[in-house]
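A short write-up of the structure that comes next.
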Amino acid sequence: MAKKLMIWYALLSKRLFVKPSFLAILLLAPLLTAGTMLLADADAHILRIAVYAEPSTDMLGERIIDDLTAIDGVVKYEPYSSEEELRRAVGESEADAGYLLPAGLTELLREYAAGDKSGFPYDGHLIRVVTNRDNIQLQLAREQLYSVLYPHISEMISEQFTLEQDDFSGMSEDAVRRSVEALYEQMHVDESIFQFAYIGEETPADLDNISYLTSPLRGLLSLFVLLTGLASSLYLLQDRKEGRFEWARYGYRPVYEWLSILSGTAAGGAAAYLALFFSGTFTAWGEELLLMILLVFAVTGFSSILSRIIRNMAVFGTCIPLVLLISAALTPVFASFNGVMTIKYMLPTFCYLNSVNSMNYRVRLLLYVLAVNGLYFLLSALRNVIPPAGRVYEKP
C-alpha cells in the first residue's frame, strides 16, 4: 500500500508541474526573494532627510552631519550645500524634511548648558526643521538627531557643572574643559551597548548585518507556501468536479485527495526552503528543514479541511485572498499584534513563524499538524458513514 501511495504521489506531483498556472505560482518564491535582496542592496529608504550646517569656523555642525550620514537604516541623511537647496529639495518632495544647523554650534550648546537660550538663532530654537508635514516617521527620525546631539550636550553640561563646583575653582576654564573632554574621550563607546539574542540562542544575532527589507521575507514565504496549498485545493475541487477520483474506493479517496494537496504544498515548501537558503535569512539547515516540513503538513491539513468545508470552486477561489490577507494581518509577517489568539492558532503560519526561535512554539506547531490532519481524516470518515444525499454507495 505504501508503495502504491508513493507512486500516486509522484504522479500527482508530475501532473502539477505541467500546469502553467502552478508553475507561475512557484516562480513567485525566487522572484520575491530576488526582488527583496535587490531592494536591500539598493538605495531604498523609508525617509530622506536633508541636512545643512551654516558656514562656520566651528566644525561641530559638520561633525554632526557626518554622524547622521553614517547612520545605516531606514532613514537616509543627505548633506546639502545651502539653505536654499535644502528648502527646494523639501518643497519638491526630494526630501521628506530638512535640518538646519546654525553656525557656532559649540558655543550655543554651552549657552544652553548654562541655561541661556537668548542667543538661539531660529526664533528661540537651536535647530530648524523644514517639512511639508509631520508624522510619526519624521518624529522617529528626529529621535536620531537627538541621539547624535546628546553626547555633545552631555559634555557641555558636564563642563558647566564642573566649572560651578568650588573644588575646581583653582583651575582655569580651559583646563577644566580639556579635562572633561579627555574623560569623555576615554569613556566613549563606538560599539553597540545592547546585544540582541533569542532565548536559548548560543550566538546572538548581529543586528547591524540584518537589512530591514529582508526581515519580513520569511513571513512572505510562509504565505507563499499557504498559497500553494490553497491553489492545490482549488485544483482538487476541479478534479472532483470532473470525477478524476471516482475510480478510487470511497474509503481511500480522502487519502488520494490529501496526497493531491500535499504534492503541491511540498513543491511550494521546497521552493520556499531554497529561497530562504539564498536570501541570507537562513539559520541551520536541519532546523529549517524540520520547520519547513512541519509547515508543509500544517498547510496541507488546513487546506484539506477547507476543501472539505467549501466544495464550490468559485467560493473557494474567493476565499483564497481573504485567507492570505487574514494570515498576513494576524501572523507576525510584518509585525506582531496581541489579541485574537483563537483565530491566530487556527492559521498554519502563526506557529511556524513563532517557532523559528521558540521551542515552545515548535511543540505547538507539531500539535497543530496532528490536529488539522487528524480533523481532515475524521471529517472524511464521517462523510463515508453519511454519504451525500442523492448518492448510494454499495460495498464491493
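In the C-alpha cells, chains take the letters A, B, ... in the order shown, each chain's residues start at 1, and ligands count up from 1 in the order shown.
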
Who sits within 10 Å of range 364-375 of chain A, only C-alpha atoms, same chain under 3 positions skipped, as a ChimeraX atom specification:
/A:258,291,294-305,345-355,359-361,378-381

Output file for the residues above (N, CA and C atoms, as a compact mmCIF listing (two decimals), in the first residue's frame):
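And here is the file that came out, selection-v8.txt:
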# COMPACT_ATOMS: atom_id res chain seq x y z
N TRP A 258 -5.85 14.00 -0.23
CA TRP A 258 -4.86 14.60 0.67
C TRP A 258 -3.49 14.62 0.02
N LEU A 291 11.33 22.58 10.31
CA LEU A 291 10.24 23.55 10.41
C LEU A 291 9.47 23.68 9.11
N LEU A 294 7.18 20.69 8.77
CA LEU A 294 6.00 20.87 9.62
C LEU A 294 5.05 21.89 9.02
N LEU A 295 5.60 22.96 8.43
CA LEU A 295 4.73 23.96 7.79
C LEU A 295 3.99 23.35 6.61
N VAL A 296 4.67 22.53 5.83
CA VAL A 296 4.04 21.89 4.67
C VAL A 296 2.86 21.03 5.11
N PHE A 297 3.06 20.23 6.14
CA PHE A 297 1.97 19.36 6.61
C PHE A 297 0.87 20.18 7.31
N ALA A 298 1.26 21.28 7.96
CA ALA A 298 0.25 22.14 8.57
C ALA A 298 -0.63 22.78 7.50
N VAL A 299 -0.01 23.29 6.46
CA VAL A 299 -0.77 23.92 5.36
C VAL A 299 -1.60 22.86 4.63
N THR A 300 -1.06 21.67 4.46
CA THR A 300 -1.81 20.59 3.80
C THR A 300 -3.07 20.25 4.57
N GLY A 301 -2.95 20.09 5.89
CA GLY A 301 -4.13 19.79 6.69
C GLY A 301 -5.14 20.92 6.69
N PHE A 302 -4.64 22.15 6.81
CA PHE A 302 -5.51 23.33 6.81
C PHE A 302 -6.26 23.43 5.48
N SER A 303 -5.55 23.28 4.37
CA SER A 303 -6.17 23.38 3.04
C SER A 303 -7.13 22.22 2.79
N SER A 304 -6.78 21.04 3.31
CA SER A 304 -7.65 19.87 3.13
C SER A 304 -8.99 20.07 3.84
N ILE A 305 -8.94 20.63 5.04
CA ILE A 305 -10.18 20.90 5.77
C ILE A 305 -11.04 21.91 5.01
N TYR A 345 -4.27 30.88 16.24
CA TYR A 345 -3.89 29.47 16.34
C TYR A 345 -4.56 28.61 15.28
N MET A 346 -5.55 29.14 14.59
CA MET A 346 -6.19 28.40 13.50
C MET A 346 -5.42 28.54 12.19
N LEU A 347 -4.47 29.48 12.14
CA LEU A 347 -3.72 29.74 10.92
C LEU A 347 -2.39 28.99 10.95
N PRO A 348 -2.03 28.28 9.89
CA PRO A 348 -0.81 27.46 9.91
C PRO A 348 0.48 28.28 9.98
N THR A 349 0.45 29.54 9.53
CA THR A 349 1.68 30.34 9.51
C THR A 349 2.02 30.92 10.88
N PHE A 350 1.06 30.97 11.80
CA PHE A 350 1.31 31.63 13.09
C PHE A 350 2.34 30.88 13.92
N CYS A 351 2.09 29.60 14.17
CA CYS A 351 3.03 28.83 14.99
C CYS A 351 4.37 28.66 14.27
N TYR A 352 4.34 28.55 12.93
CA TYR A 352 5.60 28.39 12.18
C TYR A 352 6.51 29.59 12.38
N LEU A 353 5.97 30.79 12.18
CA LEU A 353 6.80 32.00 12.29
C LEU A 353 7.29 32.22 13.72
N ASN A 354 6.50 31.82 14.70
CA ASN A 354 6.94 31.96 16.09
C ASN A 354 7.88 30.84 16.52
N SER A 355 7.85 29.72 15.81
CA SER A 355 8.67 28.57 16.20
C SER A 355 10.12 28.67 15.75
N MET A 359 11.23 27.00 21.13
CA MET A 359 10.97 25.57 21.21
C MET A 359 9.53 25.30 21.61
N ASN A 360 8.96 26.18 22.43
CA ASN A 360 7.57 26.03 22.85
C ASN A 360 6.63 26.05 21.65
N TYR A 361 6.86 26.98 20.73
CA TYR A 361 6.01 27.06 19.55
C TYR A 361 6.28 25.92 18.57
N LEU A 378 -10.95 12.73 10.00
CA LEU A 378 -12.17 12.49 10.76
C LEU A 378 -13.38 12.97 9.98
N LEU A 379 -13.30 14.15 9.39
CA LEU A 379 -14.40 14.67 8.57
C LEU A 379 -14.65 13.76 7.37
N SER A 380 -13.56 13.23 6.79
CA SER A 380 -13.70 12.33 5.64
C SER A 380 -14.36 11.02 6.05
N ALA A 381 -14.01 10.52 7.26
CA ALA A 381 -14.61 9.29 7.74
C ALA A 381 -16.10 9.48 8.01

Which of range 230-318 of chain A DSSP labels alpha helix (DSSP H), written as number ranges by chain:
A: 230-242, 253-279, 285-309, 313-318

Would you mind listing what lies within 12 Å of Phe17 in chain A as a PyMOL selection string, with only C-alpha atoms counted and same-chain residues fewer than 6 positions away left out?
chain A and resi 10-11+23-27+232+263-264+267-268

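The list of residues with at least one atom within 8 Å of range 102-112 of chain A, based on only C-alpha atoms and without residues fewer than 5 positions apart in the same chain, reads Ala53, Glu54, Pro55, Ser56, Thr57, Asp58, Leu60, Gly61, Lys117, Gly119, Phe120, Pro121, Leu126, Ile127, His152, Ile153, Met156, Ile157 and Gln160 of chain A.
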
Output N, CA and C atoms for every residue in that selection, as an mmCIF file, in the first residue's frame.
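Written file, out_0.cif:
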data_model
loop_
_atom_site.group_PDB
_atom_site.id
_atom_site.type_symbol
_atom_site.label_atom_id
_atom_site.label_comp_id
_atom_site.auth_asym_id
_atom_site.auth_seq_id
_atom_site.Cartn_x
_atom_site.Cartn_y
_atom_site.Cartn_z
ATOM 1 N N ALA A 53 24.596 72.633 7.419
ATOM 2 C CA ALA A 53 25.215 73.382 8.508
ATOM 3 C C ALA A 53 25.714 74.714 7.958
ATOM 4 N N GLU A 54 25.324 75.798 8.591
ATOM 5 C CA GLU A 54 25.771 77.113 8.140
ATOM 6 C C GLU A 54 27.295 77.221 8.237
ATOM 7 N N PRO A 55 27.930 77.936 7.287
ATOM 8 C CA PRO A 55 29.400 78.066 7.297
ATOM 9 C C PRO A 55 29.895 78.657 8.613
ATOM 10 N N SER A 56 30.952 78.056 9.159
ATOM 11 C CA SER A 56 31.469 78.490 10.452
ATOM 12 C C SER A 56 32.853 77.910 10.669
ATOM 13 N N THR A 57 33.647 78.593 11.468
ATOM 14 C CA THR A 57 34.948 78.031 11.866
ATOM 15 C C THR A 57 34.769 76.897 12.867
ATOM 16 N N ASP A 58 33.620 76.852 13.488
ATOM 17 C CA ASP A 58 33.277 75.767 14.412
ATOM 18 C C ASP A 58 32.828 74.563 13.585
ATOM 19 N N LEU A 60 31.650 71.667 14.647
ATOM 20 C CA LEU A 60 30.721 70.739 15.292
ATOM 21 C C LEU A 60 29.520 70.435 14.394
ATOM 22 N N GLY A 61 29.009 71.441 13.689
ATOM 23 C CA GLY A 61 27.884 71.201 12.785
ATOM 24 C C GLY A 61 28.220 70.186 11.719
ATOM 25 N N LYS A 117 19.159 80.695 26.642
ATOM 26 C CA LYS A 117 18.670 80.401 25.307
ATOM 27 C C LYS A 117 18.416 81.673 24.488
ATOM 28 N N GLY A 119 20.359 83.493 22.812
ATOM 29 C CA GLY A 119 21.097 83.622 21.551
ATOM 30 C C GLY A 119 20.738 82.585 20.513
ATOM 31 N N PHE A 120 19.708 81.771 20.759
ATOM 32 C CA PHE A 120 19.334 80.749 19.786
ATOM 33 C C PHE A 120 18.857 81.412 18.493
ATOM 34 N N PRO A 121 19.333 80.969 17.332
ATOM 35 C CA PRO A 121 19.134 81.718 16.081
ATOM 36 C C PRO A 121 17.752 81.591 15.449
ATOM 37 N N LEU A 126 17.255 76.065 18.700
ATOM 38 C CA LEU A 126 18.631 75.775 18.313
ATOM 39 C C LEU A 126 18.737 75.243 16.887
ATOM 40 N N ILE A 127 17.814 74.387 16.486
ATOM 41 C CA ILE A 127 17.846 73.760 15.166
ATOM 42 C C ILE A 127 16.494 73.969 14.498
ATOM 43 N N HIS A 152 27.209 65.545 22.733
ATOM 44 C CA HIS A 152 27.809 66.880 22.785
ATOM 45 C C HIS A 152 27.146 67.732 23.875
ATOM 46 N N ILE A 153 25.813 67.639 23.959
ATOM 47 C CA ILE A 153 25.112 68.388 25.010
ATOM 48 C C ILE A 153 25.515 67.875 26.380
ATOM 49 N N MET A 156 28.844 69.289 27.315
ATOM 50 C CA MET A 156 28.750 70.708 27.689
ATOM 51 C C MET A 156 28.158 70.867 29.089
ATOM 52 N N ILE A 157 27.142 70.054 29.401
ATOM 53 C CA ILE A 157 26.529 70.119 30.738
ATOM 54 C C ILE A 157 27.541 69.689 31.803
ATOM 55 N N GLN A 160 29.917 72.569 32.362
ATOM 56 C CA GLN A 160 29.286 73.644 33.131
ATOM 57 C C GLN A 160 29.149 73.254 34.603
#

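Nearest residue to Ser21 in chain A, choosing from A:Ile65, A:Gly35, A:Asp174, A:Thr228 and counting only C-alpha atoms: A:Thr228.
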